[in-house]
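Peer 1: I am attaching a structure below and will ask some questions about it afterwards.
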Amino acid sequence: MKRWYLLALISLYFAALTVRLIPPLTNGVWGPDTGENYYISNYFALHLKLPDPYLGFGLTYTEFPIVYILAALTSVTTGLNTFLVSELIMPFFSSLLVFPVAGIAESICKRKDVALGASAFYAASALIAAHTSIIASDTLGEFLLILFIYFYLNYEHSHLFAFAAWVTAFAMIPSYHVGTIMLLLFLYSDLLYTSISRDKRRSIRGVLMISIVATATWIYWLTMARVFLSIFILRNPHLTLWEAIVAPYLVELIILYIGRRIRIGRIAESVRRWQYPEATQYVVAVATVIPLVILSFTGLKSLSFLSSPYLISFAPTAFFAVMGGITVLSFSERYRRAAPLAIMFFFTLLIIIVGLITQISYLVPLRVIEYTVLMLPVFAGFYISDKGEKRKIVAVSLVTLFLLASCISMLTMNQMLMPSKTGASPVQDIDASLWIRYNTQHNSTVASDHPLSSIVFGFGERNATWEKGGYPIFEATSESALLAHLMNASTPAGTKTVDFLLIDSYMYSEGNYYPNQSALPVSPAFSSALDSSYFLLLYSNGFTDVYVFLP
């Protein structure tokens with residue numbers, strides 16, 4: 001590897017790290033379900049085992065525990081506080097992906113300018129940086145997916161790459177269920193391409209890997225992830241367990257059949273006939289990519305930020321998405337090795353569309369679109385490399401602007417949204433949850449909305465209501481209904497009587513309960529009841545209040 005190229009990648013690593021450190025360093029805690037993530041990591045660091053039974057909201061979190069074990073072991077071996085590790089480990093970890101992203105682009109087209117362009121877009125994208133700076137199973141899943149694609153594309157170069165591909169595939173299974181599905185989706189995409197191009201050796205390898213990974217996945221889900229299986233698979237009225245088990249192998253047979261009927265030469269000829277002007281490419285890309293991004297985010301009604309003037313700081317990210325979309329939609333034969341990524345891109349878009357239409361819980365577009373965005377840096381890098389020298393200078397300048405705008409986006413996110421809507425919580429919420437931890441009985445139950453329930457569960461170490469029990473309480477229409485819900489609140493630990501209520505200034509005006517529901521202020525009935533003899537203010541730091549319920 002040439003020295004200038006290595007130094008450029010190292011510089012991009014620190015650029016990526018800078019963007020990703022902004023959210024956790026400018027908020028009390030950063031990321032949705034941060035309290036739960038911290039709780040599981042800290043529990044493993046203290047006891048070297050996972051909590052069982054797990055009484056938090058994320059019932060399946062401990063069934064895919066690798067990210068928490070990683071954070072806990074980092075804390076134990078370095079002596080650093082578990083909270084510090086759980087807040088900061090992912091920015092350092094995910095920023096490393098600038099190297100394999102560059103490796104993917106270079107292995108496809110053998111050009112270092114494309115590799116650096118792709119790596120720069122991965123480093124600077126605000127959309128990517130926001131969710132790769134959070135400790136969560138999906139963040140680790142994305143990390144492993146990029147590594148797997150890099151190793152798999154270089155499978156034939158050495159036995160080390162082949163071994164690493166298998167290890168990464170198996171590591172994904174206990175890390176993240178959606179990541180495993182996306183890994184299989186990439187393998188299906190590669191198998192489709194190798195089948196129609198008559199690459200028998202790679203097709204056999206793809207069939208072997210899909211069959212073994214799918215079998216290992218089902219063994220793990222049936223033995224170690226039974227809650228996930230019952231929630232996401234068995235509750236689907238249109239799919240039986242046996243149909244779900246057979247599906248991965250049936251898809252293989254369908255792809256192989258398609259491969260026997262279609263030849264790559266015919267497709268290439270069709271692509272050559274289907275060329276259109278660059279201006280049209282821009283229009284098609286904008287019309288395809290941007291609406292799906294917007295729809296995926298606005299599908300979560302509690303994230304209503306499209307009217308914010310600060311949204312302009314995300315414009316360069318939209319530019320990046322359009323450039324990537326253009327490259328996919330007018331795919332060049334020169335980058336034929338990237339065909340599996342392009343096929344996977346279209347399959348992912350199809351999943352997003354199906355998720356938007358059907359509202360199936362495990363096809364939530366916001367979860368899936370992360371993987372679409374992860375593929376776009378490579379195609380955006382291709383776009384830059386296809387331009388003349390003058391236009392390359394313009395493109396590089398835009399990448400620099402893109403990086404600066406991403407930093408601004410991260411800094412202004414709290415102006416676009418209440419921090420609790422992005423999964424962030426101010427330090428006052430942490431202080432209140434710590435007060436609860438040291439001044440209430442251990443078996444107490446605390447009522448709050450989703451973000452604050454996660455905080456009080458993780459840092460206050462108390463049972464919480466989350467949305468199922470919190471929504472009926474804070475949106476009660478009468479005092480009698482409020483008292484009834486407080487006496488019989490639904491929590492992950494069962495039906496409980498609420499002992500305390502945790503409310504901050506954000507929650508008074510915009511309580512965050514269900515992701516597909518608009519944020520709501522507390523009801524007038526609840527507000528007026530706070531002044532009654534049933535409630536007593538025990539703690540307030542000027543932003544967050546703790547009330548005791550006196551039935």
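Each chain of the structure tokens is named A, B, ... in the order shown, its residues numbered from 1; ligands are numbered from 1 in display order.
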Could you pull out all residues of region 36-159 of chain A with a DSSP call of alpha helix (DSSP H) and give them as JSON, numbers by chain?
Peer 2: {"A": [36, 37, 38, 39, 40, 41, 42, 43, 44, 45, 46, 47, 66, 67, 68, 69, 70, 71, 72, 73, 74, 75, 76, 77, 78, 82, 83, 84, 85, 86, 87, 88, 89, 90, 91, 92, 93, 94, 98, 99, 100, 101, 102, 103, 104, 105, 106, 107, 108, 109, 112, 113, 114, 115, 116, 117, 118, 119, 120, 121, 122, 123, 124, 126, 127, 128, 129, 130, 131, 137, 138, 139, 140, 141, 142, 143, 144, 145, 146, 147, 148, 149, 150, 151, 152, 153, 159]}
Peer 1: Identify which of the residues A:Ala120, A:Phe64, A:Val85, A:Lys110 lies closest to Leu140 (chain A), counting only C-alpha atoms when measuring atom-to-atom distances.
Peer 2: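 Comparing A:Ala120, A:Phe64, A:Val85, A:Lys110 against Leu140 (chain A), the winner is A:Phe64.
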Peer 1: Compare A:Ser11, A:Leu229, A:Ile135, A:His47 by their minimum atom-to-atom distance to Glu63 (chain A), counting only C-alpha atoms, and give me the closest one.
Peer 2: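 With only C-alpha atoms as the atom set, the closest residue is A:Leu229.
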Peer 1: So which one's closest to Gln428 (chain A), A:Leu486, A:Ala136, A:Leu48, A:Val29? Using only C-alpha atoms, please.
Peer 2: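 Of A:Leu486, A:Ala136, A:Leu48, A:Val29, the one nearest Gln428 (chain A), counting only C-alpha atoms, is A:Val29.
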Peer 1: At what distance in Å, to one decimal, does CA of Leu185 (chain A) lie from CA of Ile212 (chain A)?
Peer 2: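 Separating CA of Ile212 (chain A) from CA of Leu185 (chain A) is a distance of 14.3 Å.
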Peer 1: Might you pull out every residue within 8 Å of Ile149 (chain A), with only C-alpha atoms counted and same-chain residues fewer than 6 positions away left off, and present them as a ChimeraX atom specification?
Peer 2: /A:104,165,186
Peer 1: Can you pull out every residue within 10 Å of Phe93 (chain A), counting only C-alpha atoms, but drop anything in the same chain fewer than 6 positions away, and send it as a VMD selection string?
Peer 2: chain A and resid 17 132 to 133 135 139 to 140 143
Peer 1: Provide the CA of Ala493 (chain A) to CA of Asn512 (chain A) distance in Å, to one decimal place.
Peer 2: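 Separating CA of Ala493 (chain A) from CA of Asn512 (chain A) is a distance of 20.6 Å.
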Peer 1: Within 10 Å of Pro174 (chain A), counting only C-alpha atoms, which residues qualify if same-chain residues fewer than 3 places away don't, as a list in words?
Peer 2: Thr62, Glu63, Phe64, Pro65, Ile66, Val67, Ser137, Gly141, Phe170, Ala171, His177, Gly179, Thr180, Thr217, Tyr220, Trp221, Met224 and Ala225 of chain A
Peer 1: When you look at Ser189 (chain A) with a cut-off of 10 Å (counting only C-alpha atoms), what residues show up, excluding the ones that are within fewer than 6 positions of it in the same chain? I need them as a list of chain:residue names.
Peer 2: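 Non-adjacent residues within range: A:Leu183, A:Ser195, A:Gly206, A:Ile255, A:Ala339, A:Pro340, A:Leu341, A:Ala342, A:Ile343, A:Met344, A:Phe345, A:Phe346, A:Phe347.
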Peer 1: Let's have the selection written as a PDB file, in the first residue's frame, with N, CA and C atoms.
Peer 2:
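Result file follows (selection-v4.pdb):
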ATOM      1  N   LEU A 183     -26.955  -9.819   5.173  1.00  0.00           N
ATOM      2  CA  LEU A 183     -25.802 -10.600   4.718  1.00  0.00           C
ATOM      3  C   LEU A 183     -26.251 -11.664   3.718  1.00  0.00           C
ATOM      4  N   SER A 195     -24.775 -16.542 -11.369  1.00  0.00           N
ATOM      5  CA  SER A 195     -25.581 -17.515 -12.125  1.00  0.00           C
ATOM      6  C   SER A 195     -25.817 -17.048 -13.548  1.00  0.00           C
ATOM      7  N   GLY A 206     -21.237 -19.715  -3.538  1.00  0.00           N
ATOM      8  CA  GLY A 206     -22.361 -18.958  -2.996  1.00  0.00           C
ATOM      9  C   GLY A 206     -23.442 -19.857  -2.438  1.00  0.00           C
ATOM     10  N   ILE A 255     -33.231 -18.624  -7.739  1.00  0.00           N
ATOM     11  CA  ILE A 255     -32.140 -17.834  -8.334  1.00  0.00           C
ATOM     12  C   ILE A 255     -31.363 -18.683  -9.339  1.00  0.00           C
ATOM     13  N   ALA A 339     -21.697  -5.464  -9.457  1.00  0.00           N
ATOM     14  CA  ALA A 339     -23.087  -5.833  -9.762  1.00  0.00           C
ATOM     15  C   ALA A 339     -23.827  -6.401  -8.552  1.00  0.00           C
ATOM     16  N   PRO A 340     -23.201  -7.283  -7.735  1.00  0.00           N
ATOM     17  CA  PRO A 340     -23.932  -7.774  -6.545  1.00  0.00           C
ATOM     18  C   PRO A 340     -24.374  -6.653  -5.612  1.00  0.00           C
ATOM     19  N   LEU A 341     -23.526  -5.603  -5.470  1.00  0.00           N
ATOM     20  CA  LEU A 341     -23.913  -4.472  -4.626  1.00  0.00           C
ATOM     21  C   LEU A 341     -25.090  -3.718  -5.232  1.00  0.00           C
ATOM     22  N   ALA A 342     -25.083  -3.551  -6.558  1.00  0.00           N
ATOM     23  CA  ALA A 342     -26.187  -2.861  -7.217  1.00  0.00           C
ATOM     24  C   ALA A 342     -27.481  -3.657  -7.087  1.00  0.00           C
ATOM     25  N   ILE A 343     -27.396  -4.970  -7.278  1.00  0.00           N
ATOM     26  CA  ILE A 343     -28.580  -5.829  -7.134  1.00  0.00           C
ATOM     27  C   ILE A 343     -29.109  -5.762  -5.703  1.00  0.00           C
ATOM     28  N   MET A 344     -28.175  -5.819  -4.739  1.00  0.00           N
ATOM     29  CA  MET A 344     -28.575  -5.724  -3.336  1.00  0.00           C
ATOM     30  C   MET A 344     -29.238  -4.372  -3.051  1.00  0.00           C
ATOM     31  N   PHE A 345     -28.711  -3.306  -3.667  1.00  0.00           N
ATOM     32  CA  PHE A 345     -29.285  -1.968  -3.504  1.00  0.00           C
ATOM     33  C   PHE A 345     -30.744  -1.962  -3.941  1.00  0.00           C
ATOM     34  N   PHE A 346     -31.034  -2.540  -5.100  1.00  0.00           N
ATOM     35  CA  PHE A 346     -32.408  -2.564  -5.600  1.00  0.00           C
ATOM     36  C   PHE A 346     -33.302  -3.453  -4.728  1.00  0.00           C
ATOM     37  N   PHE A 347     -32.774  -4.578  -4.265  1.00  0.00           N
ATOM     38  CA  PHE A 347     -33.547  -5.445  -3.370  1.00  0.00           C
ATOM     39  C   PHE A 347     -33.887  -4.709  -2.067  1.00  0.00           C
TER      40      PHE A 347
END
Peer 1: From the list A:Glu510, A:Asp33, A:Glu252, A:Glu106, which residue is nearest Val378 (chain A) when using only C-alpha atoms?
Peer 2: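 Counting only C-alpha atoms, the residue closest to Val378 (chain A) is A:Glu106.
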Peer 1: Separation of CA of Ser523 (chain A) and CA of Gly469 (chain A), in Å?
Peer 2: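 CA of Gly469 (chain A) lies at a distance of 15.0 Å from CA of Ser523 (chain A).
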Peer 1: Give me, as a list in words, the residues of region 406-520 of chain A that a backbone DSSP run labels strand (DSSP E).
Peer 2: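 Here are the strand (DSSP E) residues of region 406-520 of chain A: Thr445, Val446, Ala447, Asn463, Ala464, Ala489, Ser490, Thr491, Gly494, Thr495, Lys496, Phe500, Leu501, Leu502, Ile503 and Asp504 of chain A.
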Peer 1: Selection from above, C-alpha atoms, as a tab-separated table (two decimals), in the first residue's frame, can you write it?
Peer 2:
chain	number	residue	atom	x	y	z
A	445	THR	CA	-41.75	1.05	39.46
A	446	VAL	CA	-41.35	4.36	37.65
A	447	ALA	CA	-43.77	5.70	35.02
A	463	ASN	CA	-38.55	-1.07	36.69
A	464	ALA	CA	-40.18	1.24	34.13
A	489	ALA	CA	-49.61	-0.31	34.92
A	490	SER	CA	-48.33	-2.64	32.22
A	491	THR	CA	-44.53	-3.09	32.31
A	494	GLY	CA	-45.70	-7.57	34.49
A	495	THR	CA	-48.59	-5.54	35.87
A	496	LYS	CA	-47.36	-3.19	38.63
A	500	PHE	CA	-42.86	7.24	41.08
A	501	LEU	CA	-43.23	9.35	37.97
A	502	LEU	CA	-40.29	10.78	36.00
A	503	ILE	CA	-41.08	13.75	33.73
A	504	ASP	CA	-38.80	16.27	32.03
